[in-house]
Amino acid sequence: MTKPKFYMTTAIAYASTKPHIGNTYEIVLADAIARFKRFEGYDVYFQTGTDEHGEKIELKAKEAGMNPQEYVDKQANEVKNIWDVMNTTYDNFVRTTDKMHEKVVQKIFKKLYDQGDIYKSEYEGLYCTPCESFWTETQAPNGTCPDCGRPLSPKKEESYFFKLSKYQDRLEKYIEEHPDFIYPESRKNEMINNFLKPGLQDLCVSRSSFKWGIPVTFDDKHVIYVWIDALTNYITFIGYDPDGSTEQFNKLWPADLQVIGKDIIRFHTIYWPIILMALDLPLPKTVYGHPWLLFDNDKMSKSKGNVLYADDLVKEFGVDRVRYYLLHEIPYANDGSITKELLIEKSNNDLSNILGNLVTRTVSMANKYFDGVISNPKVNEEIDDNLIQSVSTLADEVSRKMDECKVAEAIDLIMNVLKKCNKYIDETTPWALAKGVNKEDRLKTVIYNLIESIRICALLLSAFIPETAEKILNNICAKSFDYSSAKTFGLTADNTKIGSPEIIFERIVEK
């Protein structure tokens, strides 16, 4: 049977500085979704990478005494290293300085120009260098960038413009008719009310004041600006070409999910779909604008000295503790916050006390009472039926949350079942059963139900804390690892010999 395809992307990281933990959240979030989709049986193609052109990079390279290509080579390597440290399973890491990408971008620009969607004019307005965004005085009445809050400077230059206004009505209609196009609902309302209703301004898509970019083939004074260069990575690297696309492109496009930060939702739900409409291509099925990760409820910035980096946190706490915190502590629509103290508290409460304690207690009892041999005589009581019901329906409940990108809520469902398992131990009192007369089969049933519950929870946790999930599944000698095995209670065969107890997560003692 052919697996259904699932093509998903993250935004590509701007190769100007090392990504901090807030930037890293996105790749971990996308990775959890990609892993879960693979687990469900989808043929996943997961793309990420770096955005490497622009004035800001030209300036940064100059400051570092390097040419821009050397500078982005170093930065792209740093981004990729951090994505790898976080144990992410992307299928393709793309770079916009790739020669193939540059050639196709030039063809796209020429196609849009030839069909009258791009025209030459002059731009005069307010410009934010860090965001590489132009603003009108109406959009930025106090002279600061609406996206980042930094001061704007007046700029006047000859540019090519893209006719966003031509496609406005069509985009509004599309958003109205496709309720799953923009997640969450609040971001969709923001785009409609703040940008579409007031009317779209045509978009500056070339620059002549710097050189670090893809040249316009028919006008060498200009380089192609970020919107057409960076945004089109989602199609160029899977084989789109105006002169004839590849089989891979025809298979993968449209994207099933594009995961991006809420600060760039406008580019991905207004500029990007209009570029696709102009190219006569279908739009992505869903664009999820995730919230930010703040440092102690404050935006991270080097000048404030409140920046945390993923590789540093992993060295101190381990990759799964960091992944768990990022995935569980940032809500679906609202910003989350991180400090080392919060990470330690969450790790001790959830990973050591709830998950680790349950696994260690259960495996210890199995070894103590039955030399680690698991069997199910099915001496069940009402309390067992309640637990089995909760565990048996868990996979589908988690799947529904993951389909809606509600990753933290999906983890909550699993943690609630793990808490139920700990309560089940307290209520069935295996230590008392071990001393009772004719209670051996009841005790075996209790241990079996716990092992099965742990097996199913560990399978579902494998998208979020993969190293830990694998360790648990190996410890209890699980044999089946697909989605259907997470929906079926009772797959551990009688007389299965499990491993010895081991500590899954040591409690962290704050220094």
# chains A, B, ... in the order shown; residues from 1 in each chain; ligands from 1
call {"tool": "residues_around", "arguments": {"residues": "Met100 of chain A", "least_positions_apart": "2", "cutoff": "12 Å", "atoms": "only C-alpha atoms", "output": "list of chain:residue names"}}
result
A:Val94, A:Arg95, A:Thr96, A:Thr97, A:Asp98, A:Glu102, A:Lys103, A:Val104, A:Val105, A:Gln106, A:Lys107, A:Ile214, A:Asn233, A:Ile235, A:Thr236, A:Phe237, A:Ile238, A:Gly239, A:Tyr240, A:Asp241
call {"tool": "write_last_selection", "arguments": {"atoms": "N, CA and C atoms", "output": "compact mmCIF listing (two decimals), in the first residue's frame"}}
result
# COMPACT_ATOMS: atom_id res chain seq x y z
N VAL A 94 18.29 23.18 3.29
CA VAL A 94 18.52 23.95 2.08
C VAL A 94 19.24 25.26 2.39
N ARG A 95 19.93 25.80 1.37
CA ARG A 95 20.63 27.08 1.52
C ARG A 95 20.33 27.91 0.28
N THR A 96 19.94 29.16 0.48
CA THR A 96 19.52 29.97 -0.66
C THR A 96 20.68 30.47 -1.52
N THR A 97 21.93 30.16 -1.13
CA THR A 97 23.07 30.46 -2.03
C THR A 97 23.34 29.28 -2.96
N ASP A 98 22.52 28.23 -2.88
CA ASP A 98 22.63 27.10 -3.80
C ASP A 98 22.41 27.58 -5.25
N GLU A 102 19.29 29.67 -7.09
CA GLU A 102 19.47 31.02 -7.66
C GLU A 102 18.96 31.07 -9.11
N LYS A 103 19.26 30.03 -9.90
CA LYS A 103 18.83 30.01 -11.31
C LYS A 103 17.31 29.97 -11.42
N VAL A 104 16.67 29.13 -10.59
CA VAL A 104 15.20 29.00 -10.66
C VAL A 104 14.54 30.30 -10.17
N VAL A 105 15.10 30.93 -9.13
CA VAL A 105 14.57 32.21 -8.65
C VAL A 105 14.62 33.26 -9.76
N GLN A 106 15.72 33.29 -10.50
CA GLN A 106 15.82 34.24 -11.63
C GLN A 106 14.74 33.97 -12.67
N LYS A 107 14.47 32.69 -12.95
CA LYS A 107 13.42 32.34 -13.90
C LYS A 107 12.04 32.75 -13.38
N ILE A 214 20.64 37.65 -5.41
CA ILE A 214 20.58 37.01 -6.73
C ILE A 214 20.32 38.09 -7.77
N ASN A 233 11.99 29.06 -1.67
CA ASN A 233 12.77 27.86 -1.33
C ASN A 233 11.87 26.64 -1.15
N ILE A 235 9.48 25.66 -2.85
CA ILE A 235 9.17 24.96 -4.11
C ILE A 235 10.42 24.65 -4.94
N THR A 236 11.41 25.56 -4.91
CA THR A 236 12.60 25.33 -5.76
C THR A 236 13.36 24.07 -5.36
N PHE A 237 13.47 23.82 -4.06
CA PHE A 237 14.29 22.70 -3.60
C PHE A 237 13.57 21.35 -3.68
N ILE A 238 12.30 21.38 -4.06
CA ILE A 238 11.64 20.08 -4.32
C ILE A 238 11.40 19.90 -5.82
N GLY A 239 11.98 20.83 -6.64
CA GLY A 239 11.98 20.58 -8.08
C GLY A 239 11.09 21.46 -8.93
N TYR A 240 10.61 22.61 -8.36
CA TYR A 240 9.81 23.50 -9.21
C TYR A 240 10.71 24.23 -10.19
N ASP A 241 10.24 24.38 -11.41
CA ASP A 241 10.94 25.16 -12.43
C ASP A 241 9.88 25.66 -13.40
call {"tool": "closest_atom_pairs", "arguments": {"of": "segment 485-510 of chain A", "to": "segment 364-378 of chain A", "cutoff": "6 Å", "atoms": "only C-alpha atoms", "output": "JSON lines"}}
result
{"residue": "A:Asp494", "atom": "CA", "partner": "A:Ser375", "partner_atom": "CA", "distance": 4.2}
{"residue": "A:Asn495", "atom": "CA", "partner": "A:Ile374", "partner_atom": "CA", "distance": 5.2}
{"residue": "A:Thr496", "atom": "CA", "partner": "A:Ile374", "partner_atom": "CA", "distance": 5.2}
{"residue": "A:Lys497", "atom": "CA", "partner": "A:Val373", "partner_atom": "CA", "distance": 4.4}
{"residue": "A:Ile498", "atom": "CA", "partner": "A:Gly372", "partner_atom": "CA", "distance": 5.3}
{"residue": "A:Pro501", "atom": "CA", "partner": "A:Ser364", "partner_atom": "CA", "distance": 5.3}
call {"tool": "residues_around", "arguments": {"residues": "Leu200 of chain A", "least_positions_apart": "4", "cutoff": "12 Å", "atoms": "only C-alpha atoms", "output": "list in words"}}
result
Thr136, Gln139, Phe162, Lys163, Leu164, Ser165, Lys166, Tyr167, Gln168, Asp169, Leu171, Glu172, Met191, Ile192, Asn193, Asn194, Phe195, Leu196, Arg266, Ile270, Tyr271 and Ile274 of chain A
call {"tool": "closest_residue", "arguments": {"among": "A:Glu78, A:Ile118, A:Lys3, A:Leu443", "to": "Glu381 of chain A", "atoms": "only C-alpha atoms"}}
result
A:Leu443
call {"tool": "residues_around", "arguments": {"residues": "Ser480 of chain A", "least_positions_apart": "5", "cutoff": "10 Å", "atoms": "only C-alpha atoms", "output": "PyMOL selection string"}}
result
chain A and resi 455+459+473+485-486+491-492
call {"tool": "residues_around", "arguments": {"residues": "Leu281 of chain A", "least_positions_apart": "2", "cutoff": "12 Å", "atoms": "only C-alpha atoms", "output": "compact mmCIF listing (two decimals) with N, CA and C atoms, in the first residue's frame"}}
result
# COMPACT_ATOMS: atom_id res chain seq x y z
N THR A 232 10.46 31.32 -1.98
CA THR A 232 10.32 30.28 -3.01
C THR A 232 11.17 29.04 -2.73
N ILE A 235 9.48 25.66 -2.85
CA ILE A 235 9.17 24.96 -4.11
C ILE A 235 10.42 24.65 -4.94
N TYR A 240 10.61 22.61 -8.36
CA TYR A 240 9.81 23.50 -9.21
C TYR A 240 10.71 24.23 -10.19
N ASP A 241 10.24 24.38 -11.41
CA ASP A 241 10.94 25.16 -12.43
C ASP A 241 9.88 25.66 -13.40
N PRO A 242 9.84 26.97 -13.69
CA PRO A 242 8.83 27.48 -14.63
C PRO A 242 8.89 26.80 -15.99
N SER A 245 8.66 21.25 -14.15
CA SER A 245 9.00 20.79 -12.80
C SER A 245 9.25 19.29 -12.77
N PHE A 249 8.47 17.35 -7.33
CA PHE A 249 7.62 18.52 -7.09
C PHE A 249 6.15 18.16 -7.27
N ASN A 250 5.84 17.46 -8.34
CA ASN A 250 4.45 17.10 -8.61
C ASN A 250 3.87 16.19 -7.53
N TRP A 253 4.12 18.89 -3.81
CA TRP A 253 3.39 20.16 -3.69
C TRP A 253 1.91 19.95 -3.95
N PRO A 254 0.99 20.59 -3.21
CA PRO A 254 1.23 21.64 -2.22
C PRO A 254 1.72 21.10 -0.87
N ALA A 255 2.41 21.97 -0.14
CA ALA A 255 2.85 21.60 1.22
C ALA A 255 1.62 21.31 2.06
N TRP A 272 3.37 35.15 0.24
CA TRP A 272 3.66 33.83 -0.30
C TRP A 272 2.49 33.25 -1.11
N PRO A 273 1.25 33.25 -0.56
CA PRO A 273 0.15 32.70 -1.37
C PRO A 273 -0.10 33.50 -2.65
N ILE A 274 0.15 34.81 -2.60
CA ILE A 274 -0.07 35.62 -3.82
C ILE A 274 1.00 35.29 -4.86
N ILE A 275 2.25 35.08 -4.42
CA ILE A 275 3.29 34.66 -5.38
C ILE A 275 2.87 33.33 -6.03
N LEU A 276 2.35 32.41 -5.21
CA LEU A 276 1.91 31.11 -5.75
C LEU A 276 0.74 31.27 -6.72
N MET A 277 -0.19 32.14 -6.38
CA MET A 277 -1.31 32.40 -7.29
C MET A 277 -0.81 32.93 -8.64
N ALA A 278 0.17 33.84 -8.58
CA ALA A 278 0.72 34.41 -9.81
C ALA A 278 1.45 33.35 -10.64
N LEU A 279 2.01 32.34 -9.95
CA LEU A 279 2.69 31.24 -10.66
C LEU A 279 1.71 30.13 -11.05
N LEU A 283 -2.00 26.50 -3.21
CA LEU A 283 -1.49 27.06 -1.95
C LEU A 283 -1.26 25.96 -0.93
N PRO A 284 -0.37 26.20 0.06
CA PRO A 284 -0.17 25.22 1.13
C PRO A 284 -1.50 24.94 1.83
call {"tool": "atom_distance", "arguments": {"atom1": "atom CA of Ile447 of chain A", "atom2": "atom CA of Leu394 of chain A"}}
result
19.6 Å
call {"tool": "residues_around", "arguments": {"residues": "Ser347 of chain A", "least_positions_apart": "2", "cutoff": "12 Å", "atoms": "only C-alpha atoms", "output": "VMD selection string"}}
result
chain A and resid 317 to 326 328 to 329 340 to 345 349 to 356 504 to 510
call {"tool": "residues_around", "arguments": {"residues": "Asn334 of chain A", "least_positions_apart": "5", "cutoff": "12 Å", "atoms": "only C-alpha atoms", "output": "PyMOL selection string"}}
result
chain A and resi 184-187+261-262+289-294+297+329+406+408
call {"tool": "write_last_selection", "arguments": {"atoms": "C-alpha atoms", "output": "JSON list (two decimals), in the first residue's frame"}}
result
[["chain", "number", "residue", "atom", "x", "y", "z"],
["A", 184, "PRO", "CA", -4.46, 29.64, 14.90],
["A", 185, "GLU", "CA", -7.69, 31.56, 14.30],
["A", 186, "SER", "CA", -6.32, 34.68, 16.06],
["A", 187, "ARG", "CA", -3.51, 35.00, 13.47],
["A", 261, "GLY", "CA", 6.92, 32.10, 13.75],
["A", 262, "LYS", "CA", 4.04, 34.49, 14.38],
["A", 289, "GLY", "CA", 2.11, 30.69, 12.97],
["A", 290, "HIS", "CA", 3.45, 29.46, 16.30],
["A", 291, "PRO", "CA", 3.96, 31.72, 19.35],
["A", 292, "TRP", "CA", 7.29, 32.92, 20.71],
["A", 293, "LEU", "CA", 9.45, 31.51, 23.45],
["A", 294, "LEU", "CA", 10.37, 34.35, 25.82],
["A", 297, "ASN", "CA", 8.37, 36.63, 29.87],
["A", 329, "GLU", "CA", 5.59, 24.58, 27.88],
["A", 406, "LYS", "CA", -1.67, 21.40, 19.44],
["A", 408, "ALA", "CA", 1.55, 20.72, 24.16]]
call {"tool": "select_by_dssp", "arguments": {"residues": "segment 30-243 of chain A", "states": "strand (DSSP E or B)", "output": "NGL selection string"}}
result
:A and (43-51 or 92-95 or 118-128 or 133-135 or 144 or 151 or 153-162 or 182-183 or 203-204 or 206-207 or 214-215 or 223-224)
call {"tool": "write_last_selection", "arguments": {"atoms": "C-alpha atoms", "output": "PDB file, in the first residue's frame"}}
result
ATOM      1  CA  ASP A  43       5.623   9.369   3.744  1.00  0.00           C
ATOM      2  CA  VAL A  44       7.036  12.546   5.315  1.00  0.00           C
ATOM      3  CA  TYR A  45       9.334  15.003   3.560  1.00  0.00           C
ATOM      4  CA  PHE A  46      10.549  17.618   6.046  1.00  0.00           C
ATOM      5  CA  GLN A  47      12.534  20.623   4.782  1.00  0.00           C
ATOM      6  CA  THR A  48      14.418  23.334   6.676  1.00  0.00           C
ATOM      7  CA  GLY A  49      17.526  25.443   6.022  1.00  0.00           C
ATOM      8  CA  THR A  50      18.997  28.932   5.875  1.00  0.00           C
ATOM      9  CA  ASP A  51      18.144  32.248   4.195  1.00  0.00           C
ATOM     10  CA  ASN A  92      16.623  18.329   3.434  1.00  0.00           C
ATOM     11  CA  PHE A  93      18.648  21.274   4.772  1.00  0.00           C
ATOM     12  CA  VAL A  94      18.520  23.953   2.076  1.00  0.00           C
ATOM     13  CA  ARG A  95      20.627  27.078   1.517  1.00  0.00           C
ATOM     14  CA  ILE A 118       6.273  42.827 -11.590  1.00  0.00           C
ATOM     15  CA  TYR A 119       6.974  46.413 -12.699  1.00  0.00           C
ATOM     16  CA  LYS A 120       9.762  48.992 -12.162  1.00  0.00           C
ATOM     17  CA  SER A 121       9.203  52.097 -10.037  1.00  0.00           C
ATOM     18  CA  GLU A 122      10.821  54.072  -7.233  1.00  0.00           C
ATOM     19  CA  TYR A 123      10.460  53.415  -3.554  1.00  0.00           C
ATOM     20  CA  GLU A 124      10.427  56.135  -0.954  1.00  0.00           C
ATOM     21  CA  GLY A 125       9.575  55.204   2.612  1.00  0.00           C
ATOM     22  CA  LEU A 126      10.804  53.970   5.960  1.00  0.00           C
ATOM     23  CA  TYR A 127      13.110  50.965   6.088  1.00  0.00           C
ATOM     24  CA  CYS A 128      14.124  48.513   8.844  1.00  0.00           C
ATOM     25  CA  SER A 133      11.145  45.527   5.596  1.00  0.00           C
ATOM     26  CA  PHE A 134       9.782  48.731   4.096  1.00  0.00           C
ATOM     27  CA  TRP A 135       6.943  50.550   5.872  1.00  0.00           C
ATOM     28  CA  THR A 144       9.727  52.456  14.665  1.00  0.00           C
ATOM     29  CA  PRO A 151      14.087  52.841  14.642  1.00  0.00           C
ATOM     30  CA  SER A 153      15.363  55.164   8.484  1.00  0.00           C
ATOM     31  CA  PRO A 154      14.057  56.980   5.379  1.00  0.00           C
ATOM     32  CA  LYS A 155      15.125  55.362   2.111  1.00  0.00           C
ATOM     33  CA  LYS A 156      14.623  56.156  -1.548  1.00  0.00           C
ATOM     34  CA  GLU A 157      15.699  53.837  -4.337  1.00  0.00           C
ATOM     35  CA  GLU A 158      14.679  52.440  -7.686  1.00  0.00           C
ATOM     36  CA  SER A 159      13.010  49.042  -7.267  1.00  0.00           C
ATOM     37  CA  TYR A 160      10.866  46.453  -8.953  1.00  0.00           C
ATOM     38  CA  PHE A 161       7.445  45.951  -7.396  1.00  0.00           C
ATOM     39  CA  PHE A 162       5.083  43.006  -7.278  1.00  0.00           C
ATOM     40  CA  ILE A 182      -4.124  29.752   8.775  1.00  0.00           C
ATOM     41  CA  TYR A 183      -3.658  28.392  12.314  1.00  0.00           C
ATOM     42  CA  LEU A 203       5.569  44.850  -2.626  1.00  0.00           C
ATOM     43  CA  CYS A 204       9.190  45.873  -3.244  1.00  0.00           C
ATOM     44  CA  SER A 206      14.315  44.052  -5.790  1.00  0.00           C
ATOM     45  CA  ARG A 207      17.052  46.238  -4.336  1.00  0.00           C
ATOM     46  CA  ILE A 214      20.583  37.011  -6.730  1.00  0.00           C
ATOM     47  CA  PRO A 215      21.004  39.359  -9.734  1.00  0.00           C
ATOM     48  CA  VAL A 223      19.284  42.018  -6.936  1.00  0.00           C
ATOM     49  CA  ILE A 224      16.153  39.983  -6.193  1.00  0.00           C
TER      50      ILE A 224
END
call {"tool": "closest_atom_pairs", "arguments": {"of": "segment 285-381 of chain A", "to": "segment 10-28 of chain A", "cutoff": "6 Å", "atoms": "only C-alpha atoms", "output": "tab-separated table"}}
result
residue	atom	partner	partner_atom	distance
A:Leu293	CA	A:Gly22	CA	4.9
A:Leu308	CA	A:Ile21	CA	5.6
A:Tyr309	CA	A:His20	CA	4.6
A:Ala310	CA	A:Ile21	CA	5.1
call {"tool": "atom_distance", "arguments": {"atom1": "atom CA of Glu190 of chain A", "atom2": "atom CA of Lys56 of chain A"}}
result
28.0 Å
call {"tool": "atom_distance", "arguments": {"atom1": "atom CA of Asn449 of chain A", "atom2": "atom CA of Asn380 of chain A"}}
result
9.5 Å
call {"tool": "closest_residue", "arguments": {"among": "A:Ala30, A:Leu112, A:Leu418, A:Ile338", "to": "Lys299 of chain A", "atoms": "only C-alpha atoms"}}
result
A:Ile338
